[in-house]
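Next comes protein_7.txt, a file with compact mmCIF, C-alpha atoms and all ligand atoms.
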# COMPACT_ATOMS: atom_id res chain seq x y z
CA MET A 1 0.00 0.00 0.00
CA LYS A 2 2.89 2.25 0.78
CA GLY A 3 4.03 1.94 -2.79
CA LEU A 4 0.62 2.89 -4.02
CA LEU A 5 0.54 5.96 -1.87
CA LYS A 6 3.96 6.84 -3.14
CA ARG A 7 2.65 6.19 -6.61
CA PHE A 8 -0.24 8.52 -6.07
CA PHE A 9 2.11 11.10 -4.63
CA LEU A 10 4.32 10.77 -7.69
CA PHE A 11 1.25 11.20 -9.86
CA SER A 12 0.45 14.47 -8.05
CA VAL A 13 4.02 15.70 -8.26
CA PHE A 14 4.08 14.75 -11.88
CA THR A 15 0.90 16.68 -12.57
CA ILE A 16 2.34 19.78 -10.95
CA LEU A 17 5.61 19.38 -12.81
CA THR A 18 3.73 19.04 -16.08
CA LEU A 19 1.83 22.23 -15.38
CA ASN A 20 5.04 24.01 -14.45
CA VAL A 21 6.61 22.90 -17.69
CA MET A 22 3.58 24.27 -19.47
CA ALA A 23 3.92 27.50 -17.51
CA GLN A 24 7.57 27.79 -18.43
CA GLU A 25 6.93 27.03 -22.06
CA LYS A 26 4.28 29.80 -22.17
CA THR A 27 1.38 30.25 -24.49
CA VAL A 28 2.79 31.39 -27.81
CA GLN A 29 0.73 34.28 -29.14
CA THR A 30 1.61 36.34 -32.20
CA ALA A 31 -1.76 37.93 -32.97
CA GLY A 32 -0.70 41.30 -31.50
CA ARG A 33 2.49 41.58 -33.53
CA ASP A 34 0.84 40.14 -36.64
CA GLN A 35 -1.99 42.66 -36.63
CA LEU A 36 -0.66 45.69 -34.77
CA GLY A 37 3.09 45.16 -34.68
CA GLU A 38 3.81 48.23 -36.81
CA PHE A 39 0.91 50.43 -35.80
CA ALA A 40 1.10 49.82 -32.04
CA PRO A 41 4.25 47.87 -31.20
CA LYS A 42 3.97 48.32 -27.42
CA PHE A 43 0.35 47.17 -27.39
CA ALA A 44 1.33 44.17 -29.53
CA GLU A 45 4.15 43.34 -27.13
CA LEU A 46 1.88 43.63 -24.05
CA ASN A 47 -0.75 41.49 -25.75
CA ASP A 48 1.61 38.73 -26.90
CA ASP A 49 4.23 38.69 -24.16
CA ILE A 50 2.36 39.80 -21.04
CA LEU A 51 -1.31 38.91 -21.43
CA PHE A 52 -0.70 35.61 -23.25
CA GLY A 53 2.95 34.97 -22.44
CA GLU A 54 2.56 35.52 -18.71
CA VAL A 55 -1.03 35.80 -17.48
CA TRP A 56 -2.53 33.03 -19.60
CA SER A 57 0.55 30.91 -18.97
CA ARG A 58 0.17 30.82 -15.18
CA THR A 59 -1.67 27.54 -15.48
CA ASP A 60 -0.28 26.32 -12.17
CA ARG A 61 -2.60 28.86 -10.51
CA LEU A 62 -5.62 28.66 -12.84
CA GLY A 63 -6.06 26.20 -15.67
CA LEU A 64 -6.56 27.11 -19.31
CA ARG A 65 -10.12 25.86 -19.29
CA ASP A 66 -11.06 28.15 -16.41
CA ARG A 67 -9.21 31.07 -17.99
CA SER A 68 -11.20 30.51 -21.17
CA LEU A 69 -14.42 30.45 -19.18
CA VAL A 70 -13.60 33.77 -17.46
CA THR A 71 -12.55 35.38 -20.74
CA ILE A 72 -15.58 34.43 -22.78
CA THR A 73 -17.87 35.47 -19.93
CA SER A 74 -16.20 38.90 -19.82
CA LEU A 75 -16.33 39.39 -23.58
CA ILE A 76 -19.96 38.34 -23.94
CA SER A 77 -20.96 40.49 -20.97
CA GLN A 78 -19.49 43.53 -22.68
CA GLY A 79 -21.24 42.69 -25.91
CA ILE A 80 -17.98 42.04 -27.73
CA THR A 81 -18.86 39.60 -30.46
CA ASP A 82 -16.07 40.24 -32.96
CA ASN A 83 -13.10 38.09 -33.94
CA SER A 84 -11.69 38.15 -30.44
CA LEU A 85 -14.75 36.33 -29.10
CA ILE A 86 -14.49 33.85 -31.97
CA TYR A 87 -10.83 33.28 -31.10
CA HIS A 88 -11.65 32.73 -27.42
CA LEU A 89 -14.56 30.43 -28.15
CA GLN A 90 -12.23 28.36 -30.33
CA SER A 91 -9.60 28.15 -27.63
CA ALA A 92 -12.28 27.37 -25.02
CA LYS A 93 -13.20 24.39 -27.13
CA LYS A 94 -9.53 23.40 -27.41
CA ASN A 95 -9.19 23.79 -23.66
CA GLY A 96 -11.89 21.21 -23.09
CA ILE A 97 -15.19 23.10 -22.84
CA THR A 98 -17.77 20.84 -24.42
CA ARG A 99 -20.76 21.70 -26.56
CA THR A 100 -23.14 20.96 -23.68
CA GLU A 101 -21.12 23.19 -21.38
CA ILE A 102 -20.87 26.19 -23.73
CA SER A 103 -24.61 26.06 -24.28
CA GLU A 104 -25.13 26.07 -20.50
CA ILE A 105 -22.50 28.80 -19.99
CA ILE A 106 -24.08 31.22 -22.47
CA THR A 107 -27.57 30.52 -21.15
CA HIS A 108 -26.30 31.37 -17.68
CA ILE A 109 -24.58 34.56 -18.86
CA ALA A 110 -27.81 35.65 -20.58
CA PHE A 111 -29.49 36.23 -17.21
CA TYR A 112 -26.69 38.44 -15.91
CA ALA A 113 -25.42 40.16 -19.04
CA GLY A 114 -28.50 40.43 -21.22
CA TRP A 115 -30.52 38.40 -23.69
CA PRO A 116 -29.34 39.97 -26.99
CA LYS A 117 -25.68 39.40 -26.01
CA ALA A 118 -26.42 35.72 -25.47
CA TRP A 119 -28.14 35.53 -28.86
CA ALA A 120 -25.09 37.02 -30.55
CA ALA A 121 -22.73 34.68 -28.69
CA PHE A 122 -24.85 31.62 -29.49
CA ASN A 123 -24.67 32.44 -33.18
CA LEU A 124 -20.87 32.30 -33.01
CA ALA A 125 -20.64 29.30 -30.64
CA LYS A 126 -23.02 27.31 -32.82
CA ASN A 127 -20.53 27.47 -35.69
CA ILE A 128 -17.57 26.50 -33.55
CA TRP A 129 -19.07 23.51 -31.73
CA THR A 130 -21.09 22.40 -34.74
CA GLU A 131 -18.70 19.80 -36.09
CA ASP A 132 -18.48 17.85 -32.88
CA THR A 133 -22.17 17.33 -32.34
CA ALA A 134 -21.48 13.77 -33.39
CA GLY A 135 -18.44 13.51 -31.12
CA ASN A 136 -20.30 14.71 -28.09
CA SER A 137 -23.33 12.57 -28.58
CA ALA A 138 -21.00 9.62 -29.28
CA LYS A 139 -19.34 10.24 -25.93
CA GLU A 140 -22.72 10.45 -24.24
CA GLU A 141 -23.80 7.25 -25.98
CA PHE A 142 -20.62 5.56 -24.79
CA GLN A 143 -21.27 6.73 -21.23
CA LYS A 144 -24.65 4.99 -21.31
CA LYS A 145 -22.90 1.65 -21.94
CA MET A 146 -20.55 2.03 -19.00
CA ILE A 147 -21.13 1.98 -15.25
CA PHE A 148 -18.00 4.07 -14.51
CA PRO A 149 -17.86 7.78 -15.38
CA VAL A 150 -16.04 8.95 -18.52
CA GLY A 151 -14.65 11.78 -16.39
CA GLU A 152 -12.82 14.92 -17.44
CA PRO A 153 -10.52 15.55 -20.41
CA ASN A 154 -7.16 14.00 -19.54
CA THR A 155 -5.27 17.26 -19.97
CA ALA A 156 -2.42 16.47 -17.57
CA TYR A 157 -1.29 13.52 -19.72
CA ALA A 158 -2.47 14.78 -23.11
CA GLN A 159 1.14 15.19 -24.24
CA TYR A 160 1.63 11.42 -23.92
CA PHE A 161 -1.48 10.52 -25.91
CA THR A 162 -2.42 10.55 -29.57
CA GLY A 163 -6.07 11.69 -29.73
CA ASN A 164 -8.42 12.62 -26.89
CA SER A 165 -8.73 10.71 -23.66
CA TYR A 166 -10.68 11.22 -20.44
CA LEU A 167 -9.83 10.37 -16.87
CA ALA A 168 -12.07 9.55 -13.92
CA PRO A 169 -10.59 8.66 -10.53
CA ILE A 170 -12.48 5.61 -9.23
CA SER A 171 -10.56 4.83 -6.05
CA GLN A 172 -8.00 6.91 -4.24
CA GLU A 173 -7.79 4.77 -1.12
CA GLN A 174 -6.09 1.38 -0.60
CA VAL A 175 -5.65 0.78 -4.32
CA ASN A 176 -5.44 3.70 -6.72
CA VAL A 177 -7.77 3.03 -9.65
CA SER A 178 -8.72 5.29 -12.54
CA ASN A 179 -11.10 4.81 -15.41
CA VAL A 180 -9.47 5.89 -18.65
CA THR A 181 -11.69 6.51 -21.69
CA PHE A 182 -10.21 6.74 -25.19
CA GLU A 183 -11.92 8.18 -28.25
CA PRO A 184 -11.76 5.98 -31.38
CA GLY A 185 -8.14 6.01 -32.61
CA CYS A 186 -6.77 7.36 -29.34
CA ARG A 187 -3.85 5.57 -27.69
CA ASN A 188 -1.08 6.41 -25.26
CA ASN A 189 2.62 6.59 -26.16
CA TRP A 190 4.94 3.66 -25.69
CA HIS A 191 5.78 3.65 -21.99
CA ILE A 192 7.36 1.63 -19.21
CA HIS A 193 6.11 1.32 -15.63
CA LYS A 194 9.36 1.17 -13.75
CA ALA A 195 10.01 -0.34 -10.34
CA THR A 196 12.97 -1.88 -8.54
CA LYS A 197 10.61 -4.42 -6.99
CA GLY A 198 6.95 -5.25 -7.73
CA GLY A 199 5.20 -2.46 -9.60
CA GLY A 200 3.60 -2.60 -13.03
CA GLN A 201 0.01 -2.01 -13.98
CA MET A 202 -3.19 -3.97 -14.35
CA LEU A 203 -5.92 -3.05 -16.83
CA ILE A 204 -9.52 -4.27 -16.92
CA GLY A 205 -11.59 -3.49 -19.99
CA VAL A 206 -14.97 -1.98 -19.02
CA ALA A 207 -16.58 -0.81 -22.27
CA GLY A 208 -15.95 -0.69 -26.00
CA ARG A 209 -12.99 -2.31 -27.74
CA GLY A 210 -9.32 -1.53 -27.40
CA TRP A 211 -5.80 -2.85 -27.73
CA TYR A 212 -2.80 -3.60 -25.56
CA GLN A 213 0.58 -4.25 -27.10
CA GLU A 214 3.98 -5.11 -25.71
CA GLU A 215 6.94 -4.30 -27.92
CA GLY A 216 7.81 -7.20 -30.20
CA LYS A 217 4.55 -9.01 -29.59
CA PRO A 218 1.21 -9.10 -31.36
CA ALA A 219 -1.37 -6.69 -29.95
CA GLN A 220 -4.05 -8.12 -27.72
CA GLU A 221 -7.67 -7.08 -28.04
CA ILE A 222 -9.29 -5.76 -24.84
CA LEU A 223 -13.04 -6.21 -24.43
CA PRO A 224 -15.19 -5.59 -21.35
CA GLY A 225 -13.90 -8.00 -18.72
CA THR A 226 -10.48 -8.61 -20.31
CA VAL A 227 -7.74 -8.46 -17.67
CA ILE A 228 -4.24 -7.39 -18.67
CA HIS A 229 -1.26 -7.77 -16.35
CA ILE A 230 1.63 -5.49 -17.25
CA PRO A 231 4.87 -6.33 -15.46
CA ALA A 232 7.21 -3.52 -14.46
CA GLY A 233 9.89 -2.81 -17.04
CA VAL A 234 7.88 -3.89 -20.10
CA LYS A 235 7.57 -1.37 -22.95
CA HIS A 236 3.95 -1.18 -24.10
CA TRP A 237 0.97 0.98 -25.08
CA HIS A 238 -2.79 0.76 -24.70
CA GLY A 239 -5.72 2.51 -26.33
CA ALA A 240 -8.93 2.34 -28.33
CA ALA A 241 -9.52 0.49 -31.57
CA SER A 242 -9.63 2.89 -34.51
CA ASP A 243 -13.38 2.35 -34.91
CA SER A 244 -14.52 2.13 -31.31
CA TRP A 245 -14.62 4.08 -28.09
CA PHE A 246 -12.88 2.25 -25.30
CA ALA A 247 -12.48 2.43 -21.55
CA HIS A 248 -10.37 0.47 -19.11
CA LEU A 249 -9.77 0.63 -15.40
CA ALA A 250 -6.09 1.17 -14.64
CA PHE A 251 -4.68 -0.22 -11.39
CA GLU A 252 -1.29 0.96 -10.20
CA ILE A 253 0.49 -2.00 -8.65
CA ALA A 254 2.47 -1.50 -5.46
CA GLY A 255 6.23 -1.60 -5.81
CA GLU A 256 9.47 0.00 -4.82
CA LYS A 257 10.79 3.10 -6.57
CA THR A 258 7.91 3.14 -9.01
CA SER A 259 7.87 5.67 -11.83
CA ASN A 260 6.59 6.05 -15.36
CA GLU A 261 8.86 6.44 -18.34
CA TRP A 262 7.00 7.97 -21.28
CA LEU A 263 8.51 7.24 -24.68
CA GLU A 264 7.74 7.95 -28.34
CA PRO A 265 4.17 7.96 -29.73
CA VAL A 266 2.76 4.85 -31.39
CA THR A 267 2.99 5.75 -35.08
CA ASP A 268 -0.02 5.41 -37.36
CA GLU A 269 1.76 2.52 -39.08
CA GLN A 270 2.42 0.66 -35.82
CA TYR A 271 -1.17 1.29 -34.74
CA THR A 272 -2.64 0.03 -38.01
CA ARG A 273 -0.42 -3.03 -38.00
CA ALA A 274 -1.27 -3.82 -34.40
CA GLN A 275 -4.95 -3.96 -35.29
CA GLU A 276 -4.39 -6.32 -38.15
CA SER A 277 -4.20 -8.80 -35.27
CA VAL A 278 -1.74 -11.35 -36.54
CA ARG A 279 -3.31 -14.74 -36.05
CA THR A 280 -0.89 -17.32 -34.82
CA VAL A 281 -0.96 -21.09 -34.59
CA VAL A 282 1.68 -23.30 -33.03
CA ALA A 283 1.63 -26.67 -34.81
CA TYR A 284 3.83 -29.34 -33.27
CA PHE A 285 4.68 -32.99 -33.29
CA SER A 286 5.75 -34.30 -29.92
CA ALA A 287 6.70 -37.92 -29.37
CA THR A 288 7.54 -37.71 -25.67
CA GLY A 289 5.99 -34.42 -24.52
CA THR A 290 9.11 -32.22 -24.62
CA THR A 291 8.14 -30.44 -27.84
CA ALA A 292 4.56 -30.09 -26.54
CA LYS A 293 5.89 -28.07 -23.61
CA ALA A 294 7.93 -25.83 -25.92
CA ALA A 295 4.83 -25.33 -28.09
CA GLU A 296 2.77 -24.31 -25.07
CA LYS A 297 5.41 -21.77 -24.12
CA ILE A 298 5.31 -20.22 -27.61
CA ALA A 299 1.50 -20.23 -27.69
CA LYS A 300 1.40 -18.45 -24.35
CA GLU A 301 3.90 -15.82 -25.47
CA THR A 302 2.17 -15.18 -28.81
CA ARG A 303 -1.40 -15.84 -27.62
CA GLY A 304 -1.49 -18.27 -30.50
CA GLU A 305 -3.54 -21.43 -30.76
CA LEU A 306 -2.10 -24.90 -30.41
CA TYR A 307 -2.38 -27.65 -32.99
CA GLU A 308 -0.91 -31.05 -32.34
CA ILE A 309 0.29 -33.01 -35.35
CA THR A 310 -0.94 -36.43 -34.27
CA PRO A 311 0.32 -39.53 -36.08
CA ALA A 312 -2.49 -41.82 -37.27
CA SER A 313 -0.56 -44.51 -35.49
CA ALA A 314 1.21 -43.37 -32.32
CA TYR A 315 4.93 -44.00 -31.84
CA THR A 316 5.72 -46.56 -29.17
CA SER A 317 9.01 -46.52 -27.29
CA GLU A 318 10.19 -49.39 -29.55
CA ASP A 319 9.28 -47.25 -32.56
CA LEU A 320 11.45 -44.48 -31.17
CA ASP A 321 14.50 -46.64 -30.44
CA TRP A 322 17.19 -45.03 -32.55
CA HIS A 323 19.75 -47.69 -31.62
CA ASP A 324 17.66 -50.18 -33.55
CA SER A 325 18.13 -49.64 -37.28
CA LYS A 326 14.90 -51.58 -37.89
CA SER A 327 12.74 -49.49 -35.54
CA ARG A 328 9.91 -47.51 -37.15
CA SER A 329 11.62 -44.14 -36.65
CA SER A 330 14.94 -45.46 -38.05
CA VAL A 331 13.21 -46.84 -41.11
CA GLU A 332 11.29 -43.60 -41.72
CA MET A 333 14.34 -41.39 -41.29
CA ASN A 334 16.39 -43.57 -43.62
CA ASP A 335 13.79 -43.07 -46.34
CA PRO A 336 13.49 -39.47 -47.58
CA ASP A 337 10.19 -40.33 -49.24
CA SER A 338 8.55 -41.68 -46.11
CA ARG A 339 5.39 -39.72 -45.22
CA PRO A 340 3.81 -41.10 -42.02
CA GLU A 341 0.07 -40.56 -42.00
CA ILE A 342 -1.47 -37.86 -39.82
CA GLY A 343 -4.59 -38.69 -37.82
CA GLY A 344 -7.17 -36.29 -36.41
CA LYS A 345 -8.55 -33.08 -37.85
CA LYS A 346 -6.63 -31.10 -40.46
CA LEU A 347 -5.53 -27.60 -39.50
CA ASP A 348 -7.46 -24.87 -41.33
CA THR A 349 -4.47 -22.69 -42.24
CA GLU A 350 -6.80 -20.06 -43.78
CA ASN A 351 -7.35 -18.76 -40.24
CA TYR A 352 -3.70 -17.94 -39.56
CA ASP A 353 -0.95 -15.58 -40.68
CA VAL A 354 1.91 -16.97 -38.61
CA ILE A 355 2.51 -20.71 -38.31
CA PHE A 356 5.10 -22.09 -35.94
CA ILE A 357 6.10 -25.69 -36.69
CA GLY A 358 7.76 -27.66 -33.92
CA TYR A 359 9.35 -31.08 -33.71
CA PRO A 360 11.97 -33.14 -31.90
CA ILE A 361 15.14 -33.55 -33.95
CA TRP A 362 15.56 -37.06 -35.31
CA TRP A 363 18.78 -38.02 -37.07
CA GLY A 364 19.57 -34.30 -37.35
CA LEU A 365 16.33 -33.70 -39.24
CA ALA A 366 12.65 -32.90 -38.74
CA PRO A 367 10.68 -36.17 -38.40
CA ARG A 368 9.10 -37.20 -41.72
CA ILE A 369 5.62 -36.53 -40.32
CA ILE A 370 6.54 -32.82 -40.49
CA ASN A 371 6.93 -33.26 -44.27
CA THR A 372 3.50 -34.91 -44.32
CA PHE A 373 2.08 -31.91 -42.44
CA ILE A 374 3.70 -29.31 -44.72
CA GLU A 375 2.68 -31.14 -47.90
CA SER A 376 -0.93 -31.60 -46.79
CA HIS A 377 -1.53 -28.00 -45.71
CA ASP A 378 -1.56 -24.76 -47.68
CA LEU A 379 1.18 -22.66 -46.09
CA LYS A 380 1.82 -20.31 -49.02
CA GLY A 381 1.92 -16.63 -48.05
CA LYS A 382 2.15 -17.49 -44.36
CA THR A 383 5.08 -16.71 -42.11
CA VAL A 384 6.47 -20.14 -41.23
CA ILE A 385 8.74 -20.45 -38.20
CA PRO A 386 10.37 -23.74 -37.25
CA PHE A 387 11.31 -24.67 -33.71
CA ALA A 388 12.70 -27.82 -32.21
CA THR A 389 13.78 -29.60 -29.07
CA SER A 390 16.78 -31.85 -28.83
CA GLY A 391 19.17 -33.27 -26.30
CA GLY A 392 22.25 -33.05 -28.47
CA SER A 393 21.71 -31.79 -32.01
CA SER A 394 21.47 -28.22 -33.23
CA ILE A 395 18.44 -27.09 -35.26
CA GLY A 396 20.47 -25.84 -38.25
CA ASN A 397 20.52 -28.93 -40.43
CA SER A 398 16.80 -29.63 -40.01
CA THR A 399 15.74 -26.08 -40.90
CA GLU A 400 18.18 -25.87 -43.85
CA THR A 401 16.72 -29.10 -45.19
CA LEU A 402 13.14 -27.85 -44.78
CA LYS A 403 14.00 -24.58 -46.56
CA LYS A 404 15.64 -26.48 -49.42
CA THR A 405 12.75 -28.91 -49.70
CA TYR A 406 10.07 -26.18 -49.60
CA PRO A 407 11.70 -23.03 -51.04
CA GLU A 408 8.27 -21.58 -51.98
CA LEU A 409 7.45 -20.98 -48.30
CA GLU A 410 8.38 -17.88 -46.30
CA TRP A 411 10.67 -19.37 -43.65
CA GLU A 412 11.85 -17.39 -40.67
CA LYS A 413 14.80 -18.28 -38.48
CA GLY A 414 14.33 -21.38 -36.35
CA LEU A 415 15.11 -21.85 -32.67
CA LEU A 416 16.12 -24.78 -30.51
CA ILE A 417 13.82 -23.94 -27.62
CA ASN A 418 15.31 -26.05 -24.83
CA ARG A 419 18.77 -24.58 -25.33
CA SER A 420 18.09 -20.87 -25.62
CA SER A 421 17.94 -18.11 -23.06
CA GLU A 422 14.77 -16.18 -22.26
CA ASN A 423 16.16 -13.19 -24.14
CA GLU A 424 16.96 -15.24 -27.24
CA PHE A 425 13.48 -16.73 -27.01
CA ARG A 426 11.72 -13.35 -26.84
CA GLU A 427 13.84 -11.86 -29.60
CA TRP A 428 13.15 -14.85 -31.79
CA ILE A 429 9.37 -14.59 -31.17
CA SER A 430 9.38 -10.91 -32.10
CA GLN A 431 10.75 -11.56 -35.63
CA ALA A 432 7.27 -12.58 -36.72
CA TYR A 433 5.61 -9.41 -35.47
CA ILE A 434 8.04 -6.57 -36.06
CA THR A 435 8.22 -4.77 -39.38
CA GLU A 436 11.66 -3.60 -40.32
MN MN B 1 0.56 1.28 -19.08
Can the structure in the file be given as structure tokens, please?
Ligand code: MN
Amino acid sequence: MKGLLKRFFLFSVFTILTLNVMAQEKTVQTAGRDQLGEFAPKFAELNDDILFGEVWSRTDRLGLRDRSLVTITSLISQGITDNSLIYHLQSAKKNGITRTEISEIITHIAFYAGWPKAWAAFNLAKNIWTEDTAGNSAKEEFQKKMIFPVGEPNTAYAQYFTGNSYLAPISQEQVNVSNVTFEPGCRNNWHIHKATKGGGQMLIGVAGRGWYQEEGKPAQEILPGTVIHIPAGVKHWHGAASDSWFAHLAFEIAGEKTSNEWLEPVTDEQYTRAQESVRTVVAYFSATGTTAKAAEKIAKETRGELYEITPASAYTSEDLDWHDSKSRSSVEMNDPDSRPEIGGKKLDTENYDVIFIGYPIWWGLAPRIINTFIESHDLKGKTVIPFATSGGSSIGNSTETLKKTYPELEWEKGLLINRSSENEFREWISQAYITE
């Protein structure tokens, strides 16, 4: 819990820091110099450097949204309905004032400042908030499907997001939980939840459809109820699908020295590719169960499906006796044309883009039943990745032979699973999912 409190504290500090950075960067305004620079240089300077550069930029004391609200109220009250009101209505919208709110704001002003002024302001506001009628009602529609609030525009973190997101604190005691809502197409930058011990993040999808992706792995779809566990130190992003609103609860997991490292945005290309949801199957032949375990490990890592290549007639331990030159396996491996029959249901390769093929190494080669599998399934246009398990041999000869025998297939580098490190394993997996 301590870690969580620390986490929350960091969040607060971070928010303040962000605002300070904004304050230091200052609102860049050139309207004064552009329009009056020659005619009234001092006025232009005061307008651009003092009013906007300093007053508007003190966002650590009063946020931009509130400053917009004060400004448009003052202008409308004075009956100023020229370009300056248009400018301030536009920035009010940018600063997060919604269509519903501006309509309520002007109605309210009408009673204090006068009816005709409200009429004039409405005529301008109508043209500025017009195009997001759909957006607003879409957000309201989305809210109806969700028991947690959409919350407020996520301005504090906007710089780490592509597109608009909203944040609603759900729990600020015991476990810090927020509901994060993403507009269609919105996602956060690549980032890492850092911790020296524990830490990380847990997400639970609550409405709509979104994606979670770890670097070098296929993206995972998040639907209401989907639980995602993000370990500390893993580079990842999360966000909406391009055609759907999306919300997830975000749980900060207790840890030591927790912090967030925000990295580069997810490019449009990475985002599009992630949603193409590469479909993976791990096909394997396992005589003794060792290759089956390796296949399960790959399926878990890639969220792929498993397909066991089952011989029509199972191999007995006598069949597998490689000391006996007359055993079934010896006879098959001595005959390049041997094609042991496969039993069970055929794999519908139509459903997959990436096909891992695993086997134990026999006589330095893939067992002949692997040839039966390849020749009886349409693997053209698929990414085919061999893997193997072996006590003594390397995988090289078996994969070279497969590539030579089936040069029309798109082979990726193979891996001997039981003799590679976790890093080699992960790097090898990622070859199927990373575009160069
Ligand atoms: Mn995260």
Quiz prompt | Selection within 7 Å of ligand MN 1 (chain B) by all atoms listed in the file, output as a ChimeraX atom specification | solution = /A:191-193,201,236-238
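Among the candidates A:Val206, A:Val28, A:Ala247, A:Leu46, the residue lying nearest to Tyr166 of chain A is A:Ala247 (atoms considered: all atoms listed in the file).
Straight-line separation from atom CA of Thr280 of chain A to atom CA of Lys382 of chain A: 10.0 Å.
Between atom CA of Trp411 of chain A and atom CA of Arg426 of chain A there is a distance of 17.9 Å.
Take atom CA of Thr162 of chain A and atom CA of Pro265 of chain A: the distance between them is 7.1 Å.
Considering the residues A:Val70, A:Ile105, A:Met202, A:Ala241 and counting all atoms listed in the file, Ala118 of chain A has its shortest atom-to-atom contact with A:Ile105.
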Would you list the contacts of Ile361 of chain A as a PDB file with C-alpha atoms, keeping the file's coordinate frame, taking every protein, DNA or RNA residue within 8 Å and counting only C-alpha atoms, but skipping same-chain residues closer than 2 positions in sequence?
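What landed in selection_21.pdb:
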ATOM      1  CA  TYR A 359       9.350 -31.080 -33.710  1.00  0.00           C
ATOM      2  CA  TRP A 363      18.780 -38.020 -37.070  1.00  0.00           C
ATOM      3  CA  GLY A 364      19.570 -34.300 -37.350  1.00  0.00           C
ATOM      4  CA  LEU A 365      16.330 -33.700 -39.240  1.00  0.00           C
ATOM      5  CA  ALA A 366      12.650 -32.900 -38.740  1.00  0.00           C
ATOM      6  CA  PRO A 367      10.680 -36.170 -38.400  1.00  0.00           C
ATOM      7  CA  ALA A 388      12.700 -27.820 -32.210  1.00  0.00           C
ATOM      8  CA  THR A 389      13.780 -29.600 -29.070  1.00  0.00           C
ATOM      9  CA  SER A 390      16.780 -31.850 -28.830  1.00  0.00           C
ATOM     10  CA  SER A 393      21.710 -31.790 -32.010  1.00  0.00           C
ATOM     11  CA  ILE A 395      18.440 -27.090 -35.260  1.00  0.00           C
ATOM     12  CA  SER A 398      16.800 -29.630 -40.010  1.00  0.00           C
TER      13      SER A 398
END
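Residue neighbourhood of Thr372 of chain A, excluding near-sequence residues (fewer than 4 positions): Ser338, Arg339, Pro340, Glu341, Ile342, Arg368, Ser376 and His377 of chain A, at 9 Å, using all atoms listed in the file.
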